[in-house]
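Okay, start-v3.txt is below, compact mmCIF, C-alpha atoms and all ligand atoms:
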# COMPACT_ATOMS: atom_id res chain seq x y z
CA MET A 1 -8.02 60.22 -91.80
CA GLU A 2 -9.39 58.64 -94.96
CA TYR A 3 -12.35 60.40 -96.50
CA GLU A 4 -14.56 57.34 -96.04
CA ASP A 5 -13.66 57.02 -92.37
CA LEU A 6 -14.43 60.66 -91.87
CA LEU A 7 -17.78 60.27 -93.60
CA ASN A 8 -18.64 57.26 -91.45
CA LYS A 9 -17.71 59.19 -88.35
CA ILE A 10 -19.96 62.07 -89.32
CA LEU A 11 -22.86 59.75 -90.14
CA LYS A 12 -22.42 57.94 -86.85
CA GLU A 13 -22.39 61.14 -84.85
CA LYS A 14 -25.41 62.39 -86.72
CA LYS A 15 -27.35 59.24 -85.90
CA VAL A 16 -26.49 59.37 -82.22
CA GLY A 17 -27.33 63.06 -82.15
CA ARG A 18 -30.80 62.42 -83.54
CA SER A 19 -31.56 59.81 -80.89
CA GLU A 20 -30.42 62.10 -78.11
CA ARG A 21 -32.50 64.93 -79.41
CA PHE A 22 -35.62 62.79 -79.72
CA ASN A 23 -37.89 64.73 -77.46
CA PRO A 24 -41.51 64.69 -78.61
CA PRO A 25 -43.37 67.95 -77.97
CA GLN A 26 -45.85 68.21 -75.12
CA VAL A 27 -49.40 67.38 -76.08
CA ASP A 28 -52.08 69.85 -75.11
CA ILE A 29 -54.77 67.99 -73.18
CA SER A 30 -57.90 69.67 -71.86
CA ILE A 31 -61.30 68.66 -70.55
CA SER A 32 -64.37 70.11 -72.18
CA GLY A 33 -67.63 69.03 -70.57
CA GLN A 34 -67.65 65.23 -70.62
CA LYS A 35 -64.98 65.08 -73.29
CA THR A 36 -61.21 65.12 -73.42
CA VAL A 37 -59.66 67.26 -76.14
CA ILE A 38 -56.15 66.37 -77.25
CA ASN A 39 -54.13 68.58 -79.54
CA ALA A 40 -51.57 66.10 -80.83
CA ASP A 41 -50.98 67.59 -84.27
CA THR A 42 -47.38 68.74 -83.66
CA PHE A 43 -46.69 65.56 -81.72
CA SER A 44 -47.99 63.44 -84.59
CA LYS A 45 -45.77 65.23 -87.11
CA TYR A 46 -42.76 65.01 -84.82
CA ILE A 47 -42.99 61.25 -84.30
CA ASN A 48 -43.98 60.77 -87.96
CA ARG A 49 -47.13 58.78 -87.29
CA PRO A 50 -50.63 59.50 -88.60
CA LEU A 51 -52.96 61.22 -86.16
CA THR A 52 -55.63 58.65 -86.98
CA HIS A 53 -53.36 55.84 -85.79
CA ILE A 54 -52.52 57.65 -82.55
CA ALA A 55 -56.20 58.43 -81.96
CA LYS A 56 -57.17 54.82 -82.57
CA TYR A 57 -54.55 53.66 -80.08
CA LEU A 58 -55.69 56.10 -77.38
CA MET A 59 -59.33 55.16 -77.78
CA HIS A 60 -58.52 51.47 -77.64
CA GLU A 61 -56.30 51.87 -74.56
CA LEU A 62 -58.80 54.08 -72.73
CA THR A 63 -61.76 52.03 -73.97
CA THR A 64 -63.66 54.99 -75.26
CA SER A 65 -64.76 56.35 -78.61
CA GLY A 66 -64.18 59.62 -80.31
CA GLN A 67 -63.17 61.43 -83.44
CA ILE A 68 -60.75 63.89 -84.96
CA ASP A 69 -62.33 67.29 -85.54
CA ALA A 70 -61.77 69.71 -88.43
CA ASN A 71 -58.87 71.37 -86.58
CA GLY A 72 -57.04 68.08 -86.15
CA LYS A 73 -57.88 67.71 -82.48
CA ILE A 74 -58.68 64.34 -81.01
CA ILE A 75 -61.99 64.51 -79.15
CA MET A 76 -62.61 61.54 -76.88
CA GLY A 77 -65.67 60.72 -74.85
CA GLY A 78 -65.01 60.75 -71.11
CA LYS A 79 -62.68 62.70 -68.85
CA PHE A 80 -59.08 61.53 -68.78
CA SER A 81 -56.24 63.11 -66.86
CA ARG A 82 -53.30 64.71 -68.61
CA HIS A 83 -51.05 62.25 -66.80
CA LEU A 84 -52.93 59.20 -68.07
CA VAL A 85 -53.07 60.40 -71.68
CA GLN A 86 -49.38 61.27 -71.60
CA GLU A 87 -48.61 57.83 -70.22
CA LYS A 88 -50.51 56.20 -73.09
CA LEU A 89 -48.67 58.36 -75.60
CA ASN A 90 -45.37 57.21 -74.11
CA SER A 91 -46.49 53.59 -74.49
CA TYR A 92 -47.46 54.34 -78.07
CA ILE A 93 -43.95 55.63 -78.78
CA LYS A 94 -42.41 52.54 -77.21
CA GLU A 95 -44.64 50.22 -79.21
CA TYR A 96 -44.91 51.98 -82.56
CA VAL A 97 -41.98 54.39 -82.90
CA ILE A 98 -38.79 53.30 -81.15
CA CYS A 99 -36.94 50.49 -82.96
CA ARG A 100 -36.92 47.28 -80.92
CA GLN A 101 -33.53 46.34 -82.31
CA CYS A 102 -31.45 49.47 -81.87
CA GLY A 103 -33.65 51.96 -80.03
CA SER A 104 -33.61 54.53 -82.82
CA PRO A 105 -36.67 56.76 -83.23
CA ASP A 106 -36.00 57.03 -86.97
CA THR A 107 -38.55 54.49 -88.05
CA GLN A 108 -41.42 54.31 -90.47
CA ILE A 109 -44.71 52.49 -90.26
CA LYS A 110 -46.40 50.97 -93.25
CA LYS A 111 -49.34 48.74 -93.86
CA VAL A 112 -48.53 45.40 -95.45
CA GLU A 113 -51.66 43.49 -96.31
CA ASN A 114 -53.56 43.70 -93.05
CA ASN A 115 -50.62 44.25 -90.71
CA PHE A 116 -48.51 47.19 -89.71
CA VAL A 117 -44.78 46.84 -90.20
CA ILE A 118 -42.10 49.04 -88.65
CA THR A 119 -39.02 49.74 -90.72
CA CYS A 120 -35.98 51.20 -88.99
CA LEU A 121 -33.93 53.73 -90.91
CA GLY A 122 -31.13 53.35 -88.39
CA CYS A 123 -30.38 49.62 -88.48
CA GLY A 124 -32.70 48.35 -91.21
CA ALA A 125 -34.77 46.11 -88.93
CA GLU A 126 -38.27 45.28 -90.09
CA TYR A 127 -40.89 43.74 -87.85
CA PRO A 128 -44.66 43.58 -87.56
CA VAL A 129 -46.44 45.34 -84.71
CA GLY A 130 -49.74 44.49 -83.12
CA LYS A 131 -52.82 45.78 -84.81
CA ILE A 132 -55.04 48.08 -82.80
CA LYS A 133 -58.38 46.33 -82.57
ZN ZN A 201 -33.13 49.98 -85.59
Here is a file; write its structure as structure tokens.
Amino acid sequence: MEYEDLLNKILKEKKVGRSERFNPPQVDISISGQKTVINADTFSKYINRPLTHIAKYLMHELTTSGQIDANGKIIMGGKFSRHLVQEKLNSYIKEYVICRQCGSPDTQIKKVENNFVITCLGCGAEYPVGKIK
């Protein structure tokens, strides 16, 4: 096999492997009084998205307000079930992480003027995503 073919084969396998292994860590969700505390720090690093963006999305989706505390935990007003928060995080991944063209999780988000743009490292696609109001 030619060196180049071999290299392409390796790269291809590597890419597929990454997609198969894409398995975001569980997010720790607990209720404290009238608030929901979400420890999404590891999750945020894993999916390569800023915690502030994830927090903003959750608050918008659950129509509540909140903040990120000094320990990097998202504190939201109101009591939300683990199931519901997890469901919203899955939607977040679909909308803001997984490439719409090729389904690769190897994407980046950047702000261009006032919009967010997703760039895929797998296939090179670039497309704008909805802004969280
Ligand atoms: Zn792609």
- Task: Could you check which of A:Ala70, A:Cys123, A:Val129, A:Met76 is closest to ligand ZN 201 (chain A), using all atoms listed in the file?
- Result: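 When distances to ligand ZN 201 (chain A) are compared using all atoms listed in the file, the smallest one comes from A:Cys123.
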- Item | Between atom CA of Ile54 of chain A and atom CA of Val112 of chain A, distance in Å (one decimal) |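 Those two atoms sit 18.2 Å apart.
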- Message: Residues within 8 Å of segment 19-28 of chain A, please, as number ranges by chain. Count all atoms listed in the file; anything in the same chain fewer than 3 positions from it doesn't count.
- Response: A: 15-16, 38-40, 42-43, 46-47, 86, 104-105
- Task: Name each residue within 6 Å of ligand ZN 201 (chain A), counting all atoms listed in the file, as a count of residues only.
- Result: 10
- Query: Between A:Lys94, A:Lys35, A:His53, A:Arg100, which has the minimum distance to Ser65 of chain A (counting all atoms listed in the file)?
  - Reply: A:Lys35
- Query: Distance atom CA of Ser44 of chain A-atom CA of Thr63 of chain A, one decimal place?
  - Reply: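 About the pair atom CA of Ser44 of chain A and atom CA of Thr63 of chain A: they are 20.8 Å apart.
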- Message: Can you measure atom CA of Thr119 of chain A to atom CA of Thr107 of chain A for me? One decimal in Å is fine.
- Response: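 Calculated distance between atom CA of Thr119 of chain A and atom CA of Thr107 of chain A is 5.5 Å.
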Need the neighbours of (-54.5, 47.1, -75.5): which residues are at most 10 Å away, counting only C-alpha atoms, as a PDB file with C-alpha atoms, in the frame of the given file?
ATOM      1  CA  TYR A  57     -54.550  53.660 -80.080  1.00  0.00           C
ATOM      2  CA  LEU A  58     -55.690  56.100 -77.380  1.00  0.00           C
ATOM      3  CA  MET A  59     -59.330  55.160 -77.780  1.00  0.00           C
ATOM      4  CA  HIS A  60     -58.520  51.470 -77.640  1.00  0.00           C
ATOM      5  CA  GLU A  61     -56.300  51.870 -74.560  1.00  0.00           C
ATOM      6  CA  LEU A  62     -58.800  54.080 -72.730  1.00  0.00           C
ATOM      7  CA  THR A  63     -61.760  52.030 -73.970  1.00  0.00           C
ATOM      8  CA  GLY A 130     -49.740  44.490 -83.120  1.00  0.00           C
ATOM      9  CA  LYS A 131     -52.820  45.780 -84.810  1.00  0.00           C
ATOM     10  CA  ILE A 132     -55.040  48.080 -82.800  1.00  0.00           C
ATOM     11  CA  LYS A 133     -58.380  46.330 -82.570  1.00  0.00           C
TER      12      LYS A 133
END
- Query: Of the residues A:Ile93, A:Ile75, A:Ile68, A:Val85, which is the one nearest to Ser32 of chain A, using only C-alpha atoms?
  - Reply: A:Ile75
- Message: Let me make sure I understand: among A:Ser81, A:Thr52, A:Leu121, A:Asp5, which one has the smallest atom-to-atom distance to Gln108 of chain A if we use all atoms listed in the file?
- Response: A:Leu121
- Message: I'd like the contact shell of Tyr96 of chain A - 8 Å cut-off, only C-alpha atoms, skipping same-chain residues fewer than 4 positions apart - returned as a list in words.
- Response: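 Once the adjacent positions are removed, what remains is Tyr92, Ile109, Ile118 and Val129 of chain A.
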Written selection (C-alpha atoms) as a compact mmCIF listing (two decimals), in the coordinates of the input:
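And here's part-v6.txt as it stands now:
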# COMPACT_ATOMS: atom_id res chain seq x y z
CA TYR A 92 -47.46 54.34 -78.07
CA ILE A 109 -44.71 52.49 -90.26
CA ILE A 118 -42.10 49.04 -88.65
CA VAL A 129 -46.44 45.34 -84.71
What are the centre and edge lengths in Å, to one decimal, of the axis-aligned box around all listed atoms of segment 122-133 of chain A with 6 Å added on each side, as JSON?
{"center_x": -44.4, "center_y": 48.5, "center_z": -86.9, "size_x": 40.0, "size_y": 21.8, "size_z": 20.6}
- Task: Compile the contact shell of Gly78 of chain A as a list of chain:residue names: residues with an atom at most 8 Å away, counting all atoms listed in the file, same-chain residues fewer than 5 positions apart removed.
- Result: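 My reading of the contact set: A:Gln34, A:Lys35, A:Thr36, A:Thr64.
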